[in-house]
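Structure file run_31.cif (mmCIF, C-alpha atoms, pLDDT in the B column; chains and numbers go by the auth columns) follows.
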data_upload
loop_
_atom_site.group_PDB
_atom_site.id
_atom_site.type_symbol
_atom_site.label_atom_id
_atom_site.label_comp_id
_atom_site.label_asym_id
_atom_site.label_seq_id
_atom_site.Cartn_x
_atom_site.Cartn_y
_atom_site.Cartn_z
_atom_site.B_iso_or_equiv
_atom_site.auth_seq_id
_atom_site.auth_asym_id
ATOM 1 C CA MET A 1 23.375 2.709 -2.746 52.00 1 S
ATOM 2 C CA SER A 2 22.143 -0.886 -2.642 63.00 2 S
ATOM 3 C CA ASN A 3 19.904 -2.291 -5.353 66.00 3 S
ATOM 4 C CA GLU A 4 17.031 -2.509 -2.849 70.00 4 S
ATOM 5 C CA ASN A 5 17.381 1.143 -1.833 64.00 5 S
ATOM 6 C CA GLN A 6 17.761 2.186 -5.461 63.00 6 S
ATOM 7 C CA GLY A 7 14.603 0.245 -6.357 69.00 7 S
ATOM 8 C CA LYS A 8 12.684 1.925 -3.542 74.00 8 S
ATOM 9 C CA GLY A 9 13.964 5.321 -4.658 71.00 9 S
ATOM 10 C CA ILE A 10 12.864 4.688 -8.240 74.00 10 S
ATOM 11 C CA GLU A 11 9.449 3.459 -7.072 82.00 11 S
ATOM 12 C CA ARG A 12 9.020 6.568 -4.901 83.00 12 S
ATOM 13 C CA ALA A 13 10.019 8.822 -7.797 78.00 13 S
ATOM 14 C CA ASP A 14 7.570 7.025 -10.106 81.00 14 S
ATOM 15 C CA ASN A 15 4.742 7.383 -7.590 87.00 15 S
ATOM 16 C CA ASP A 16 5.566 11.043 -7.059 85.00 16 S
ATOM 17 C CA LEU A 17 5.613 11.594 -10.817 86.00 17 S
ATOM 18 C CA ILE A 18 2.203 9.951 -11.205 88.00 18 S
ATOM 19 C CA LYS A 19 0.781 12.129 -8.430 89.00 19 S
ATOM 20 C CA ALA A 20 2.218 15.241 -10.083 86.00 20 S
ATOM 21 C CA LEU A 21 0.834 14.193 -13.479 88.00 21 S
ATOM 22 C CA GLU A 22 -2.634 13.716 -12.010 90.00 22 S
ATOM 23 C CA THR A 23 -2.694 17.396 -10.989 89.00 23 S
ATOM 24 C CA THR A 24 -2.108 18.737 -14.513 88.00 24 S
ATOM 25 C CA GLU A 25 -4.833 20.210 -16.701 91.00 25 S
ATOM 26 C CA GLU A 26 -3.779 17.861 -19.495 91.00 26 S
ATOM 27 C CA TYR A 27 -4.452 14.820 -17.319 93.00 27 S
ATOM 28 C CA LYS A 28 -7.841 16.179 -16.301 94.00 28 S
ATOM 29 C CA ALA A 29 -8.789 16.769 -19.964 93.00 29 S
ATOM 30 C CA TRP A 30 -7.621 13.255 -20.873 93.00 30 S
ATOM 31 C CA GLN A 31 -9.599 11.734 -18.004 94.00 31 S
ATOM 32 C CA GLU A 32 -12.755 13.679 -18.926 94.00 32 S
ATOM 33 C CA SER A 33 -12.522 12.539 -22.548 93.00 33 S
ATOM 34 C CA LEU A 34 -12.116 8.940 -21.404 92.00 34 S
ATOM 35 C CA PHE A 35 -15.171 9.209 -19.156 92.00 35 S
ATOM 36 C CA ALA A 36 -17.152 10.672 -22.064 91.00 36 S
ATOM 37 C CA ILE A 37 -16.335 7.602 -24.165 89.00 37 S
ATOM 38 C CA ILE A 38 -17.224 5.275 -21.295 89.00 38 S
ATOM 39 C CA GLY A 39 -20.507 7.116 -20.803 87.00 39 S
ATOM 40 C CA TYR A 40 -21.293 6.892 -24.502 84.00 40 S
ATOM 41 C CA THR A 41 -20.550 3.171 -24.713 81.00 41 S
ATOM 42 C CA THR A 42 -22.680 2.337 -21.670 82.00 42 S
ATOM 43 C CA ASP A 43 -25.759 4.167 -23.025 79.00 43 S
ATOM 44 C CA GLU A 44 -27.576 1.590 -25.118 71.00 44 S
ATOM 45 C CA GLU A 45 -29.922 4.214 -26.607 78.00 45 S
ATOM 46 C CA LEU A 46 -27.126 6.179 -28.274 76.00 46 S
ATOM 47 C CA ASN A 47 -26.150 5.013 -31.711 79.00 47 S
ATOM 48 C CA ASP A 48 -24.574 8.143 -33.144 82.00 48 S
ATOM 49 C CA GLU A 49 -21.516 7.222 -35.185 84.00 49 S
ATOM 50 C CA GLU A 50 -20.532 10.865 -35.693 87.00 50 S
ATOM 51 C CA LEU A 51 -20.628 11.541 -31.947 87.00 51 S
ATOM 52 C CA ALA A 52 -18.571 8.416 -31.304 86.00 52 S
ATOM 53 C CA MET A 53 -15.951 9.585 -33.820 90.00 53 S
ATOM 54 C CA GLU A 54 -15.849 13.050 -32.191 92.00 54 S
ATOM 55 C CA LEU A 55 -15.392 11.527 -28.736 91.00 55 S
ATOM 56 C CA MET A 56 -12.580 9.271 -29.955 92.00 56 S
ATOM 57 C CA ALA A 57 -10.869 12.163 -31.782 94.00 57 S
ATOM 58 C CA ASP A 58 -11.117 14.305 -28.662 93.00 58 S
ATOM 59 C CA HIS A 59 -9.610 11.524 -26.581 93.00 59 S
ATOM 60 C CA LEU A 60 -6.801 11.014 -29.072 93.00 60 S
ATOM 61 C CA ASN A 61 -6.007 14.747 -29.016 94.00 61 S
ATOM 62 C CA SER A 62 -6.088 14.830 -25.232 93.00 62 S
ATOM 63 C CA SER A 63 -3.765 11.806 -25.192 92.00 63 S
ATOM 64 C CA PHE A 64 -1.231 13.817 -27.181 92.00 64 S
ATOM 65 C CA GLY A 65 -1.712 16.687 -24.732 90.00 65 S
ATOM 66 C CA LEU A 66 -1.058 14.282 -21.888 91.00 66 S
ATOM 67 C CA GLN A 67 2.565 14.098 -23.076 90.00 67 S
ATOM 68 C CA LYS A 68 2.879 17.830 -22.365 88.00 68 S
ATOM 69 C CA GLY A 69 1.457 17.255 -18.885 87.00 69 S
ATOM 70 C CA LEU A 70 3.937 14.456 -18.290 89.00 70 S
ATOM 71 C CA GLU A 71 6.824 16.686 -19.326 89.00 71 S
ATOM 72 C CA SER A 72 5.602 19.410 -16.958 86.00 72 S
ATOM 73 C CA ALA A 73 5.238 16.925 -14.098 86.00 73 S
ATOM 74 C CA ARG A 74 8.671 15.452 -14.831 87.00 74 S
ATOM 75 C CA ASP A 75 10.276 18.916 -14.801 88.00 75 S
ATOM 76 C CA LYS A 76 8.554 19.754 -11.519 85.00 76 S
ATOM 77 C CA LYS A 77 9.726 16.489 -9.900 83.00 77 S
ATOM 78 C CA ARG A 78 13.257 16.955 -11.258 86.00 78 S
ATOM 79 C CA LYS A 79 13.441 20.416 -9.650 88.00 79 S
ATOM 80 C CA GLU A 80 12.110 19.058 -6.344 84.00 80 S
ATOM 81 C CA LEU A 81 14.631 16.199 -6.361 82.00 81 S
ATOM 82 C CA ASN A 82 17.492 18.590 -7.195 85.00 82 S
ATOM 83 C CA GLU A 83 16.484 20.892 -4.335 87.00 83 S
ATOM 84 C CA GLU A 84 16.217 17.914 -1.986 84.00 84 S
ATOM 85 C CA TRP A 85 19.630 16.656 -3.073 84.00 85 S
ATOM 86 C CA LEU A 86 21.155 20.125 -2.576 85.00 86 S
ATOM 87 C CA LEU A 87 19.692 20.361 0.927 84.00 87 S
ATOM 88 C CA ASP A 88 20.921 16.877 1.802 83.00 88 S
ATOM 89 C CA ASN A 89 24.438 17.633 0.573 82.00 89 S
ATOM 90 C CA SER A 90 24.767 21.236 1.735 80.00 90 S
ATOM 91 C CA GLY A 91 25.922 20.220 5.197 67.00 91 S
ATOM 92 C CA GLN A 92 28.764 18.058 3.960 57.00 92 S
#

Could I get this file's structure written as structure tokens?
Amino acid sequence: MSNENQGKGIERADNDLIKALETTEEYKAWQESLFAIIGYTTDEELNDEELAMELMADHLNSSFGLQKGLESARDKKRKELNEEWLLDNSGQ
């Protein structure tokens, strides 16, 4: 496999992994917590330090959970790639 083809294969696998990650519940929770922080920081009337700390703690916890989502997505992609490889090589 040439370096160019290998690079394209890695890029495709990375893109597929990102797409798979975006479908996990952990990613959705992380994204929601990020949007909550963005919403809080754009509201000039809010000045609640305790709420800000809760939002940041929630986002930190969801960031740790995102690792679990990444592992799930990686396992799913690995299985798909193995099945694809088996199909490609079964006729040889």

Give me the result of the PyMOL selection byres ((chain S and resi 13) around 12) on this file, residue by residue, as an MDAnalysis selection string. chainID S and resid 6:12 14:20 73:74 76:78 80:81

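In this model, the gap between CA of Ser63 in chain S and CA of Trp30 in chain S comes to 6.0 Å.
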
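Of note, CA of Leu66 in chain S and CA of Glu26 in chain S are spaced 5.1 Å apart.
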
Figure out the distance between CA of Ser72 in chain S and CA of Ile37 in chain S, please, to one decimal in Å. 25.9 Å

Any chance you could work out the residue set of the PyMOL selection byres ((chain S and resi 34) around 10) here, as a PyMOL selection string? chain S and resi 28-33+35-40+55-56+58-60+62-63
